[in-house]
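Pasting query-v2.txt here (compact mmCIF, C-alpha atoms and all ligand atoms):
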# COMPACT_ATOMS: atom_id res chain seq x y z
CA MET A 1 106.93 127.36 68.96
CA ALA A 2 106.92 124.07 70.84
CA ASP A 3 103.92 123.39 73.02
CA THR A 4 104.57 123.60 76.76
CA PRO A 5 103.41 120.37 78.36
CA PRO A 6 100.68 120.88 80.95
CA ALA A 7 101.81 120.89 84.59
CA PRO A 8 101.44 117.47 86.20
CA ALA A 9 97.98 117.10 87.73
CA SER A 10 98.90 113.99 89.71
CA LEU A 11 102.06 112.15 90.74
CA ALA A 12 101.30 109.58 88.03
CA ASP A 13 101.85 112.29 85.43
CA PHE A 14 105.50 112.45 86.52
CA ALA A 15 105.82 108.77 85.58
CA ASP A 16 105.01 109.55 81.95
CA ALA A 17 107.55 112.37 81.92
CA ALA A 18 110.22 110.15 83.50
CA ARG A 19 109.63 107.29 81.13
CA ALA A 20 110.08 109.63 78.19
CA VAL A 21 113.58 110.66 79.29
CA LEU A 22 115.01 107.49 80.86
CA PRO A 23 116.72 104.57 79.10
CA ALA A 24 114.29 101.63 79.05
CA THR A 25 116.55 99.51 81.28
CA VAL A 26 116.69 102.22 83.97
CA TRP A 27 112.91 102.63 83.78
CA ASP A 28 112.57 98.87 84.28
CA PHE A 29 114.98 98.96 87.24
CA ILE A 30 112.85 101.51 89.10
CA ASP A 31 109.41 100.39 87.91
CA GLY A 32 109.81 96.65 88.26
CA GLY A 33 109.02 94.24 91.05
CA SER A 34 110.15 90.71 91.77
CA GLY A 35 108.89 87.48 90.22
CA THR A 36 105.47 87.75 88.60
CA GLU A 37 105.06 91.25 90.14
CA THR A 38 102.02 89.96 92.04
CA THR A 39 102.91 91.89 95.21
CA LEU A 40 103.68 95.00 93.18
CA ARG A 41 100.16 94.93 91.71
CA ALA A 42 98.59 93.94 95.04
CA ASN A 43 99.90 97.08 96.73
CA ARG A 44 97.88 99.31 94.44
CA ALA A 45 94.81 97.08 94.42
CA ALA A 46 94.74 96.97 98.22
CA LEU A 47 95.00 100.75 98.56
CA ASP A 48 92.27 101.22 95.95
CA ALA A 49 90.07 98.83 97.93
CA VAL A 50 90.25 100.95 101.10
CA ALA A 51 87.22 103.21 101.30
CA VAL A 52 87.40 105.98 103.88
CA LEU A 53 84.22 107.25 105.54
CA PRO A 54 84.40 111.05 105.49
CA ARG A 55 83.04 113.02 108.44
CA VAL A 56 80.73 115.90 107.60
CA LEU A 57 79.64 119.07 109.37
CA ALA A 58 83.06 119.02 111.01
CA GLY A 59 83.57 122.78 110.71
CA VAL A 60 87.01 122.40 109.12
CA ASP A 61 88.26 125.32 107.05
CA THR A 62 91.92 124.83 106.11
CA PRO A 63 93.38 121.73 107.77
CA ALA A 64 96.92 121.56 109.04
CA THR A 65 99.08 118.96 107.32
CA THR A 66 101.72 118.83 110.05
CA ALA A 67 102.48 115.63 111.92
CA ARG A 68 104.95 114.41 114.53
CA LEU A 69 107.34 111.75 113.30
CA LEU A 70 110.07 110.52 115.64
CA GLY A 71 109.22 113.30 118.08
CA ARG A 72 109.70 116.13 115.57
CA GLU A 73 107.08 118.15 113.80
CA GLN A 74 107.14 117.60 110.03
CA ALA A 75 105.30 119.60 107.39
CA LEU A 76 103.58 116.39 106.22
CA PRO A 77 103.16 112.85 107.60
CA VAL A 78 105.53 111.82 104.85
CA ALA A 79 109.21 110.99 104.30
CA VAL A 80 111.05 110.30 101.05
CA ALA A 81 111.78 106.54 100.98
CA PRO A 82 115.38 105.34 100.78
CA MET A 83 116.21 104.50 97.19
CA ALA A 84 119.50 103.39 95.73
CA TYR A 85 121.57 104.97 92.95
CA GLN A 86 119.67 108.19 92.27
CA ARG A 87 122.29 109.42 89.78
CA LEU A 88 120.72 106.87 87.44
CA LEU A 89 117.76 109.23 87.26
CA HIS A 90 119.42 112.64 87.15
CA PRO A 91 123.04 113.85 87.21
CA ASP A 92 122.38 115.79 90.43
CA GLY A 93 121.18 112.60 92.16
CA GLU A 94 120.57 112.35 95.89
CA PRO A 95 121.46 115.96 96.90
CA ALA A 96 118.77 117.27 94.54
CA LEU A 97 116.06 115.07 96.06
CA ALA A 98 117.29 115.79 99.59
CA ALA A 99 117.15 119.54 98.89
CA ALA A 100 113.59 119.22 97.55
CA ALA A 101 112.57 117.30 100.67
CA ALA A 102 114.17 120.00 102.83
CA GLU A 103 112.21 122.69 100.97
CA ALA A 104 109.01 120.72 101.54
CA GLY A 105 109.83 120.21 105.24
CA VAL A 106 109.88 116.40 105.13
CA PRO A 107 112.69 113.96 105.99
CA TYR A 108 114.79 112.43 103.24
CA VAL A 109 116.04 108.89 103.84
CA ALA A 110 119.52 108.36 102.37
CA SER A 111 120.21 104.80 101.21
CA THR A 112 123.34 102.84 102.06
CA LEU A 113 123.49 102.40 98.28
CA SER A 114 123.46 106.12 97.50
CA SER A 115 125.40 107.19 94.43
CA VAL A 116 126.67 110.28 96.31
CA PRO A 117 128.43 110.04 99.72
CA ILE A 118 126.24 110.62 102.79
CA GLU A 119 128.23 113.76 103.69
CA GLU A 120 127.22 115.46 100.41
CA ILE A 121 123.58 114.50 100.96
CA THR A 122 123.32 115.95 104.46
CA ALA A 123 125.06 119.09 103.13
CA ALA A 124 121.95 119.67 101.00
CA GLY A 125 120.20 120.69 104.22
CA GLY A 126 117.03 119.50 105.91
CA GLN A 127 116.49 116.36 107.90
CA VAL A 128 118.29 113.31 106.60
CA TRP A 129 117.70 109.83 108.02
CA PHE A 130 120.30 107.18 107.19
CA GLN A 131 119.08 103.83 105.82
CA LEU A 132 121.32 100.94 106.80
CA TYR A 133 121.69 97.70 104.89
CA TRP A 134 123.27 94.99 106.98
CA LEU A 135 126.68 94.28 105.48
CA ARG A 136 128.84 91.20 105.86
CA ASP A 137 131.60 93.43 107.25
CA ARG A 138 130.48 94.52 110.75
CA GLN A 139 133.28 97.09 110.91
CA LEU A 140 131.88 98.68 107.78
CA VAL A 141 128.44 98.84 109.42
CA CYS A 142 130.03 100.65 112.38
CA ASP A 143 131.92 103.03 110.08
CA LEU A 144 128.74 103.88 108.14
CA LEU A 145 126.78 104.54 111.34
CA ASP A 146 129.53 106.81 112.63
CA ARG A 147 129.87 108.64 109.31
CA ALA A 148 126.12 109.18 109.06
CA GLN A 149 125.93 110.56 112.58
CA ALA A 150 128.98 112.79 112.11
CA ALA A 151 127.43 114.09 108.88
CA GLY A 152 124.28 115.12 110.75
CA ALA A 153 121.81 112.32 109.96
CA THR A 154 119.12 112.44 112.64
CA ALA A 155 117.79 108.84 112.57
CA VAL A 156 118.80 105.35 111.48
CA MET A 157 116.45 103.16 109.44
CA VAL A 158 117.58 99.55 109.19
CA THR A 159 116.07 97.62 106.29
CA VAL A 160 115.41 94.00 107.19
CA ASP A 161 113.66 92.58 104.12
CA VAL A 162 116.74 92.23 101.89
CA PRO A 163 118.72 89.19 103.00
CA VAL A 164 119.23 88.82 99.25
CA LEU A 165 117.76 90.88 96.45
CA GLY A 166 114.37 89.66 95.19
CA ARG A 167 114.41 88.05 91.75
CA ARG A 168 113.64 91.06 89.59
CA LEU A 169 113.11 89.48 86.22
CA ARG A 170 113.16 92.67 84.20
CA ASP A 171 116.71 93.34 85.43
CA VAL A 172 117.74 89.73 84.74
CA ARG A 173 116.32 89.88 81.22
CA ASN A 174 117.96 93.28 80.61
CA SER A 175 121.28 92.04 82.09
CA PHE A 176 121.03 95.29 84.05
CA ALA A 177 124.31 96.79 85.26
CA LEU A 178 125.19 100.23 86.61
CA PRO A 179 126.66 102.64 84.05
CA PRO A 180 130.25 103.78 84.76
CA HIS A 181 129.21 107.14 86.29
CA VAL A 182 127.02 105.54 88.98
CA ALA A 183 128.39 103.57 91.94
CA ALA A 184 127.73 102.81 95.61
CA ALA A 185 129.56 105.91 96.83
CA ASN A 186 129.34 105.06 100.56
CA LEU A 187 131.01 101.69 100.19
CA PRO A 188 134.63 100.87 99.55
CA GLY A 189 135.18 100.11 95.87
CA ASP A 190 136.48 96.57 96.15
CA ARG A 191 133.26 94.85 94.98
CA ASP A 192 132.33 97.68 92.66
CA ASP A 193 133.16 95.71 89.53
CA LEU A 194 130.26 93.34 90.27
CA ALA A 195 127.66 96.14 90.03
CA HIS A 196 129.09 97.24 86.66
CA ALA A 197 129.67 93.86 85.04
CA GLY A 198 127.31 93.36 82.11
CA THR A 199 126.91 89.59 82.23
CA PRO A 200 124.16 88.20 79.98
CA GLY A 201 121.16 86.98 81.99
CA VAL A 202 122.48 88.40 85.26
CA SER A 203 121.37 91.44 87.25
CA ALA A 204 124.69 93.00 88.20
CA VAL A 205 122.98 94.94 91.00
CA ALA A 206 121.77 91.66 92.51
CA ALA A 207 125.24 90.12 92.15
CA HIS A 208 126.78 93.11 93.96
CA THR A 209 124.33 93.06 96.87
CA GLY A 210 124.75 89.27 97.11
CA ALA A 211 128.45 89.84 97.72
CA VAL A 212 128.18 92.67 100.27
CA PHE A 213 124.89 92.14 102.19
CA ALA A 214 124.76 89.79 105.19
CA PRO A 215 121.74 87.50 104.78
CA ALA A 216 121.58 86.12 108.32
CA LEU A 217 120.51 89.25 110.19
CA GLY A 218 118.81 88.32 113.49
CA TRP A 219 117.10 89.85 116.51
CA ALA A 220 120.40 89.90 118.42
CA ASP A 221 121.79 92.17 115.69
CA LEU A 222 118.82 94.51 116.03
CA GLU A 223 119.36 94.63 119.77
CA TRP A 224 123.05 95.36 119.19
CA LEU A 225 122.09 98.18 116.82
CA ARG A 226 119.57 99.57 119.33
CA ALA A 227 122.23 99.65 122.04
CA ARG A 228 124.83 101.23 119.73
CA THR A 229 122.63 103.94 118.23
CA THR A 230 121.66 106.98 120.24
CA SER A 231 119.53 108.33 117.36
CA PRO A 232 115.93 107.27 116.81
CA LEU A 233 115.84 103.82 115.17
CA LEU A 234 113.32 102.62 112.58
CA VAL A 235 112.99 99.07 111.24
CA LYS A 236 111.83 98.90 107.63
CA GLY A 237 110.34 95.84 105.98
CA ILE A 238 107.95 94.51 108.63
CA LEU A 239 104.77 92.68 107.52
CA ASP A 240 104.00 90.10 110.23
CA PRO A 241 102.43 91.65 113.36
CA ARG A 242 104.50 89.26 115.51
CA ASP A 243 107.69 90.79 114.11
CA ALA A 244 106.26 94.26 114.71
CA ALA A 245 105.55 93.42 118.36
CA ARG A 246 109.06 92.01 118.80
CA ALA A 247 110.64 95.09 117.23
CA ALA A 248 108.62 97.34 119.53
CA GLN A 249 109.80 95.26 122.46
CA ALA A 250 113.40 95.72 121.29
CA GLY A 251 112.91 99.45 121.73
CA VAL A 252 112.72 100.72 118.16
CA ASP A 253 111.12 104.11 117.65
CA ALA A 254 109.14 103.11 114.55
CA VAL A 255 108.38 100.15 112.33
CA VAL A 256 107.91 100.66 108.61
CA VAL A 257 105.29 98.31 107.17
CA SER A 258 106.81 97.66 103.76
CA ASN A 259 107.21 95.00 101.11
CA HIS A 260 109.88 97.12 99.41
CA GLY A 261 107.44 98.26 96.75
CA GLY A 262 106.89 94.67 95.62
CA ARG A 263 110.60 94.16 94.94
CA GLN A 264 111.44 91.48 97.52
CA LEU A 265 109.26 88.41 98.34
CA ASP A 266 106.78 88.11 95.50
CA GLY A 267 103.58 86.80 97.08
CA ALA A 268 104.03 88.87 100.24
CA PRO A 269 100.85 90.73 101.16
CA ALA A 270 100.00 94.28 100.21
CA THR A 271 100.98 96.63 103.02
CA ALA A 272 97.51 98.19 103.32
CA ARG A 273 96.13 94.75 104.19
CA VAL A 274 98.47 94.06 107.10
CA LEU A 275 98.83 97.61 108.43
CA PRO A 276 95.85 97.53 110.87
CA GLU A 277 97.08 94.32 112.51
CA VAL A 278 100.56 95.79 112.92
CA VAL A 279 99.10 98.92 114.52
CA THR A 280 97.22 96.70 116.96
CA ALA A 281 100.31 94.59 117.68
CA VAL A 282 102.62 97.48 118.56
CA ASP A 283 99.87 99.02 120.67
CA GLY A 284 101.36 102.51 120.79
CA ARG A 285 104.82 101.35 121.91
CA CYS A 286 106.37 102.83 118.75
CA GLN A 287 105.22 104.69 115.66
CA VAL A 288 104.04 102.90 112.53
CA LEU A 289 104.89 104.10 109.03
CA MET A 290 103.80 102.45 105.79
CA ASP A 291 105.02 102.39 102.21
CA SER A 292 104.58 100.50 98.94
CA GLY A 293 102.12 101.93 96.45
CA VAL A 294 101.48 105.40 97.90
CA ARG A 295 100.70 107.59 94.90
CA GLY A 296 98.90 110.64 96.25
CA GLY A 297 97.17 112.50 99.05
CA THR A 298 94.22 110.11 99.12
CA ASP A 299 96.60 107.22 99.79
CA VAL A 300 98.18 109.14 102.67
CA LEU A 301 94.66 109.64 104.09
CA ARG A 302 93.93 105.92 103.67
CA ALA A 303 97.14 104.95 105.50
CA LEU A 304 96.34 107.34 108.35
CA ALA A 305 92.78 106.03 108.57
CA LEU A 306 94.20 102.49 108.81
CA GLY A 307 96.24 103.65 111.80
CA ALA A 308 99.61 104.69 110.39
CA ASP A 309 101.46 107.73 111.73
CA GLY A 310 102.82 108.47 108.28
CA VAL A 311 104.05 107.08 104.99
CA LEU A 312 107.17 106.83 102.88
CA VAL A 313 106.86 107.76 99.23
CA GLY A 314 109.09 105.84 96.83
CA ARG A 315 108.94 105.68 93.06
CA PRO A 316 106.97 108.93 92.52
CA MET A 317 109.97 110.83 93.88
CA LEU A 318 112.26 109.11 91.38
CA TRP A 319 109.87 109.95 88.54
CA ALA A 320 109.88 113.60 89.59
CA LEU A 321 113.68 113.66 89.96
CA ALA A 322 114.12 112.15 86.50
CA ALA A 323 111.58 114.51 84.95
CA GLY A 324 112.77 117.75 86.50
CA GLY A 325 115.63 117.39 88.97
CA ARG A 326 115.33 119.29 92.23
CA ALA A 327 112.54 121.55 90.90
CA GLY A 328 110.59 118.53 89.67
CA ALA A 329 110.88 116.79 93.02
CA ARG A 330 109.83 119.95 94.80
CA ALA A 331 106.78 120.27 92.53
CA ALA A 332 105.82 116.67 93.27
CA LEU A 333 106.00 117.23 97.03
CA GLU A 334 104.00 120.46 96.72
CA LEU A 335 101.36 118.56 94.76
CA LEU A 336 101.29 115.82 97.40
CA ALA A 337 100.82 118.44 100.13
CA ALA A 338 97.95 120.08 98.21
CA GLU A 339 96.31 116.70 97.61
CA LEU A 340 96.59 115.80 101.30
CA ARG A 341 95.10 119.15 102.33
CA ASP A 342 92.15 118.55 99.99
CA ALA A 343 91.69 114.97 101.20
CA LEU A 344 91.69 116.10 104.85
CA THR A 345 89.19 118.86 104.08
CA LEU A 346 86.90 116.47 102.21
CA ALA A 347 87.09 113.97 105.07
CA GLY A 348 86.30 116.62 107.69
CA CYS A 349 89.68 116.34 109.44
CA ALA A 350 91.45 119.32 111.00
CA ASP A 351 94.84 117.55 110.77
CA PRO A 352 96.49 114.17 110.12
CA ALA A 353 95.94 113.12 113.73
CA ALA A 354 92.18 113.45 113.21
CA ALA A 355 92.42 111.26 110.12
CA ARG A 356 93.58 108.40 112.33
CA THR A 357 90.08 108.34 113.88
CA LEU A 358 88.32 107.86 110.52
CA ARG A 359 86.60 104.57 109.78
CA THR A 360 87.34 102.48 106.73
CA ILE A 361 85.57 99.78 104.73
CA THR A 362 87.80 97.43 102.83
CA GLY A 363 86.59 96.13 99.51
CA GLY A 364 84.02 98.82 98.97
C1 LIG B 401 114.71 102.03 92.49
C2 LIG B 401 114.46 101.68 93.94
C3 LIG B 401 115.53 101.57 94.80
C4 LIG B 401 115.31 101.25 96.13
N1 LIG B 401 116.38 101.20 96.98
C5 LIG B 401 116.18 100.97 98.30
C6 LIG B 401 117.26 101.05 99.21
O1 LIG B 401 118.39 101.32 98.84
N2 LIG B 401 116.99 100.81 100.52
C7 LIG B 401 115.73 100.51 100.97
O2 LIG B 401 115.54 100.29 102.17
N3 LIG B 401 114.69 100.46 100.12
C8 LIG B 401 114.88 100.70 98.82
N4 LIG B 401 113.80 100.70 97.96
C9 LIG B 401 112.45 100.49 98.49
C10 LIG B 401 111.82 101.84 98.91
O3 LIG B 401 112.46 102.37 100.04
C11 LIG B 401 110.33 101.69 99.24
O4 LIG B 401 110.16 100.68 100.20
C12 LIG B 401 109.46 101.38 98.05
O5 LIG B 401 109.94 102.01 96.88
C13 LIG B 401 108.05 101.85 98.34
O6 LIG B 401 107.19 101.54 97.32
P1 LIG B 401 106.72 102.58 96.19
O7 LIG B 401 107.91 102.77 95.30
O8 LIG B 401 105.63 101.82 95.54
O9 LIG B 401 106.28 103.86 96.86
C14 LIG B 401 114.00 101.00 96.61
C15 LIG B 401 112.93 101.13 95.72
C16 LIG B 401 113.13 101.47 94.40
C17 LIG B 401 111.95 101.62 93.50
Represent the structure from my file as structure tokens, please.
Ligand SMILES: Cc1cc2nc3c(=O)[nH]c(=O)nc-3n(C[C@H](O)[C@H](O)[C@H](O)COP(=O)(O)O)c2cc1C
Amino acid sequence: MADTPPAPASLADFADAARAVLPATVWDFIDGGSGTETTLRANRAALDAVAVLPRVLAGVDTPATTARLLGREQALPVAVAPMAYQRLLHPDGEPALAAAAAEAGVPYVASTLSSVPIEEITAAGGQVWFQLYWLRDRQLVCDLLDRAQAAGATAVMVTVDVPVLGRRLRDVRNSFALPPHVAAANLPGDRDDLAHAGTPGVSAVAAHTGAVFAPALGWADLEWLRARTTSPLLVKGILDPRDAARAAQAGVDAVVVSNHGGRQLDGAPATARVLPEVVTAVDGRCQVLMDSGVRGGTDVLRALALGADGVLVGRPMLWALAAGGRAGARAALELLAAELRDALTLAGCADPAAARTLRTITGG
């Protein structure tokens, strides 16, 4: 009889399981960062360097994990980050991860580059936020916004750190291209061939985004989007506090402090390092979320203690999807919830809001 592998004890355990089942080039596509992967490594190092001072004698029995994001109560101060092409990881793709998020009571952010149409993702139930990439074709941007809203998406998250794709050397060296069964299902197929073309020394995914994304996104475009969108609006990919202040002034509902998991500008700072300055800069005018490197409940506690309202979780959700489909993703979110509950208890916090009053020491 084959041995049953032990249940994952941490989100990192899902990475091992995913790596065992995925083609090496797909693993590299999700795991990799840009350039020398300096920012990718810095994200983890910076989170590890944040020490949180626990409060004691706080009389906390079982803390609540609920938090308000965009005016709605969520089961956790967490959302599943937007991530492209999830059918690379599992045949069920985006609807499986969206259903797991719904079961866990957290929002799922559907990428513009989903491999299943937005309508089939919202049909999985739960709260779906739509992530918008700024496309060269403004009419297509309008169509996507209308489709997402008609499908029931409850917020729009515009990603502003991808004027072009970062130079992801693993994908270049692997000449990475999408397999035939995976495509950008929300976009018209006319540039589809670019994402599937296996050209030596070229990332086909980068070639495709280069053709369809509009690099010169500006503040006037954000203001246009704010005026056009009645849903809550988040801006993802902010690192400079001056940009955060300007976004808050433009009336966004949240900024997401993100370096895209180390996949865009290599040499950009770790998000945990700039988060406190961003929190100060927006000064309560909008919410602040953070991603890039979050790997467990302790990291969620660290982000809250640094002033965030919540986090997005990226790669760990892809690991769990690859390893076990919807059930795997659900198990990963349950583990994250249990870890957060333990971290709050150990820090003497009755809920995530209390964690935002904790003190931190960086570097110790
Ligand atoms: C495979 C992959 C695909 C991604 N696709 C998108 C995307 O389509 N839109 C987007 O805004 N961010 C995308 N991201 C970035 C994530 O939303 C998030 O910022 C990042 O993964 C967070 O870092 P973490 O993976 O270390 O948690 C992607 C990340 C990965 C790993």
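Non-sequential neighbours of A:Asp92 (distance at most 12 Å, separation of 3 or more positions within a chain, only C-alpha atoms) are Tyr85, Gln86, Arg87, Leu88, Leu89, Pro95, Ala96, Leu97, Ala98, Ala99, Ala100, Ser115, Val116, Glu120, Ile121, Ala124, His181, Val182, Leu321, Ala322, Gly324, Gly325, Arg326, Ala327 and Ala329 of chain A.
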Closest atom pairs, residues of chain A within 8 Å of ligand LIG 401 (chain B), all atoms listed in the file, as a tab-separated table:
residue	atom	partner	partner_atom	distance
A:Phe29	CA	B:LIG401	C1	6.1
A:Ile30	CA	B:LIG401	C1	3.9
A:Asp31	CA	B:LIG401	C17	6.3
A:Gly32	CA	B:LIG401	C17	7.5
A:Leu40	CA	B:LIG401	O8	7.5
A:Asn43	CA	B:LIG401	O8	7.5
A:Ala81	CA	B:LIG401	O3	4.3
A:Pro82	CA	B:LIG401	O3	4.2
A:Met83	CA	B:LIG401	N1	3.3
A:Ala84	CA	B:LIG401	O1	3.9
A:Tyr85	CA	B:LIG401	C3	7.2
A:Gln86	CA	B:LIG401	C1	7.9
A:Ala110	CA	B:LIG401	O1	8.0
A:Ser111	CA	B:LIG401	O1	4.6
A:Thr112	CA	B:LIG401	O1	6.1
A:Leu113	CA	B:LIG401	O1	5.2
A:Ser114	CA	B:LIG401	O1	7.1
A:Gln131	CA	B:LIG401	O2	6.2
A:Leu132	CA	B:LIG401	O2	7.4
A:Tyr133	CA	B:LIG401	N2	7.1
A:Met157	CA	B:LIG401	O2	7.9
A:Val158	CA	B:LIG401	O2	7.3
A:Thr159	CA	B:LIG401	O2	4.9
A:Lys236	CA	B:LIG401	O2	6.7
A:Gly237	CA	B:LIG401	O4	7.5
A:Ser258	CA	B:LIG401	O4	5.7
A:Asn259	CA	B:LIG401	O4	6.5
A:His260	CA	B:LIG401	O4	3.7
A:Gly261	CA	B:LIG401	O6	3.3
A:Gly262	CA	B:LIG401	O6	7.1
A:Arg263	CA	B:LIG401	C15	7.4
A:Asp291	CA	B:LIG401	C13	4.9
A:Ser292	CA	B:LIG401	O6	3.2
A:Gly293	CA	B:LIG401	O8	3.6
A:Val294	CA	B:LIG401	O9	5.1
A:Arg295	CA	B:LIG401	O9	7.0
A:Leu312	CA	B:LIG401	O9	6.8
A:Val313	CA	B:LIG401	O9	4.6
A:Gly314	CA	B:LIG401	O9	3.4
A:Arg315	CA	B:LIG401	O7	3.8
A:Pro316	CA	B:LIG401	O9	6.7
A:Leu318	CA	B:LIG401	C1	7.6
Q.
Neighbouring residues of A:His196 were defined as those with any atom within 6 Å, considering only C-alpha atoms; residues of the same chain fewer than 3 positions away were excluded. Please report them as a VMD selection string.
A. chain A and resid 177 to 178 193
Computed gap from atom CA of A:Ala272 to atom CA of A:Leu47 is 6.0 Å
With a distance cut-off of 9 Å and all atoms listed in the file, select the neighbouring residues of A:Ile118, excluding the residue or stretch itself and same-chain residues fewer than 6 positions from it, and output the selection as a PDB file with C-alpha atoms, in the coordinates of the input.
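Saved result, around-v4.pdb, follows:
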ATOM      1  CA  ALA A 110     119.520 108.360 102.370  1.00  0.00           C
ATOM      2  CA  SER A 111     120.210 104.800 101.210  1.00  0.00           C
ATOM      3  CA  THR A 112     123.340 102.840 102.060  1.00  0.00           C
ATOM      4  CA  PHE A 130     120.300 107.180 107.190  1.00  0.00           C
ATOM      5  CA  LEU A 144     128.740 103.880 108.140  1.00  0.00           C
ATOM      6  CA  ARG A 147     129.870 108.640 109.310  1.00  0.00           C
ATOM      7  CA  ALA A 148     126.120 109.180 109.060  1.00  0.00           C
ATOM      8  CA  ALA A 151     127.430 114.090 108.880  1.00  0.00           C
ATOM      9  CA  ALA A 153     121.810 112.320 109.960  1.00  0.00           C
ATOM     10  CA  ALA A 185     129.560 105.910  96.830  1.00  0.00           C
ATOM     11  CA  ASN A 186     129.340 105.060 100.560  1.00  0.00           C
TER      12      ASN A 186
END
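With distances restricted to all atoms listed in the file, A:Val26 is the closest residue to A:Ser175 from A:Ala323, A:Ala102, A:Val26, A:Ala270.
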So for stretch 65-78 of chain A, what box centre and size do we get, axis-aligned, 8 Å extra on each of the six sides, every listed atom, Å to one decimal, as lines of an AutoDock Vina configuration file?
center_x = 104.6
center_y = 115.1
center_z = 111.5
size_x = 27.0
size_y = 25.1
size_z = 29.2
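For the pair atom CA of A:Ala338 and atom CA of A:Ala303, the separation is 16.8 Å.
Proximity ranking of A:Ala64, A:Val50, A:Leu225, A:Met290 relative to A:Leu145 places A:Leu225 first, based on only C-alpha atoms.
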Among A:Val172, A:Ala197, A:Val300, A:Leu233, A:Leu340 is approached most closely, using all atoms listed in the file, by A:Val300
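Taking atom CA of A:Ala101 and atom CA of A:Val60 as endpoints, the distance between them is 27.4 Å.
Shortest atom-to-atom contact with A:Thr298 among A:Thr154, A:Ser203, A:Thr345, A:Thr280: A:Thr345, counting all atoms listed in the file.
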Closest of A:Val56, A:Ile361, A:Ala354, A:Val156 to A:Gln127, counting all atoms listed in the file, is A:Val156
Find the nearest atom pair between each residue of stretch 24-141 of chain A and stretch 250-256 of chain A for residues within 10 Å, count all atoms listed in the file, give distances in Å to one decimal, sort rows by chain and ascending number, and present the table as CSV.
residue,atom,partner,partner_atom,distance
A:Leu69,CA,A:Ala254,CA,8.9
A:Leu70,CA,A:Asp253,CA,6.8
A:Gly71,CA,A:Asp253,CA,9.4
Export, as a compact mmCIF listing (two decimals), in the frame of the given file, the selected residues with C-alpha atoms.
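Wrote it out as again.txt, contents follow:
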# COMPACT_ATOMS: atom_id res chain seq x y z
CA LEU A 69 107.34 111.75 113.30
CA LEU A 70 110.07 110.52 115.64
CA GLY A 71 109.22 113.30 118.08
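Of the residues under consideration (A:Leu11, A:Asp351, A:Thr271, A:Pro23), A:Thr271 shows the shortest atom-to-atom contact distance to A:Arg44 when counting only C-alpha atoms.
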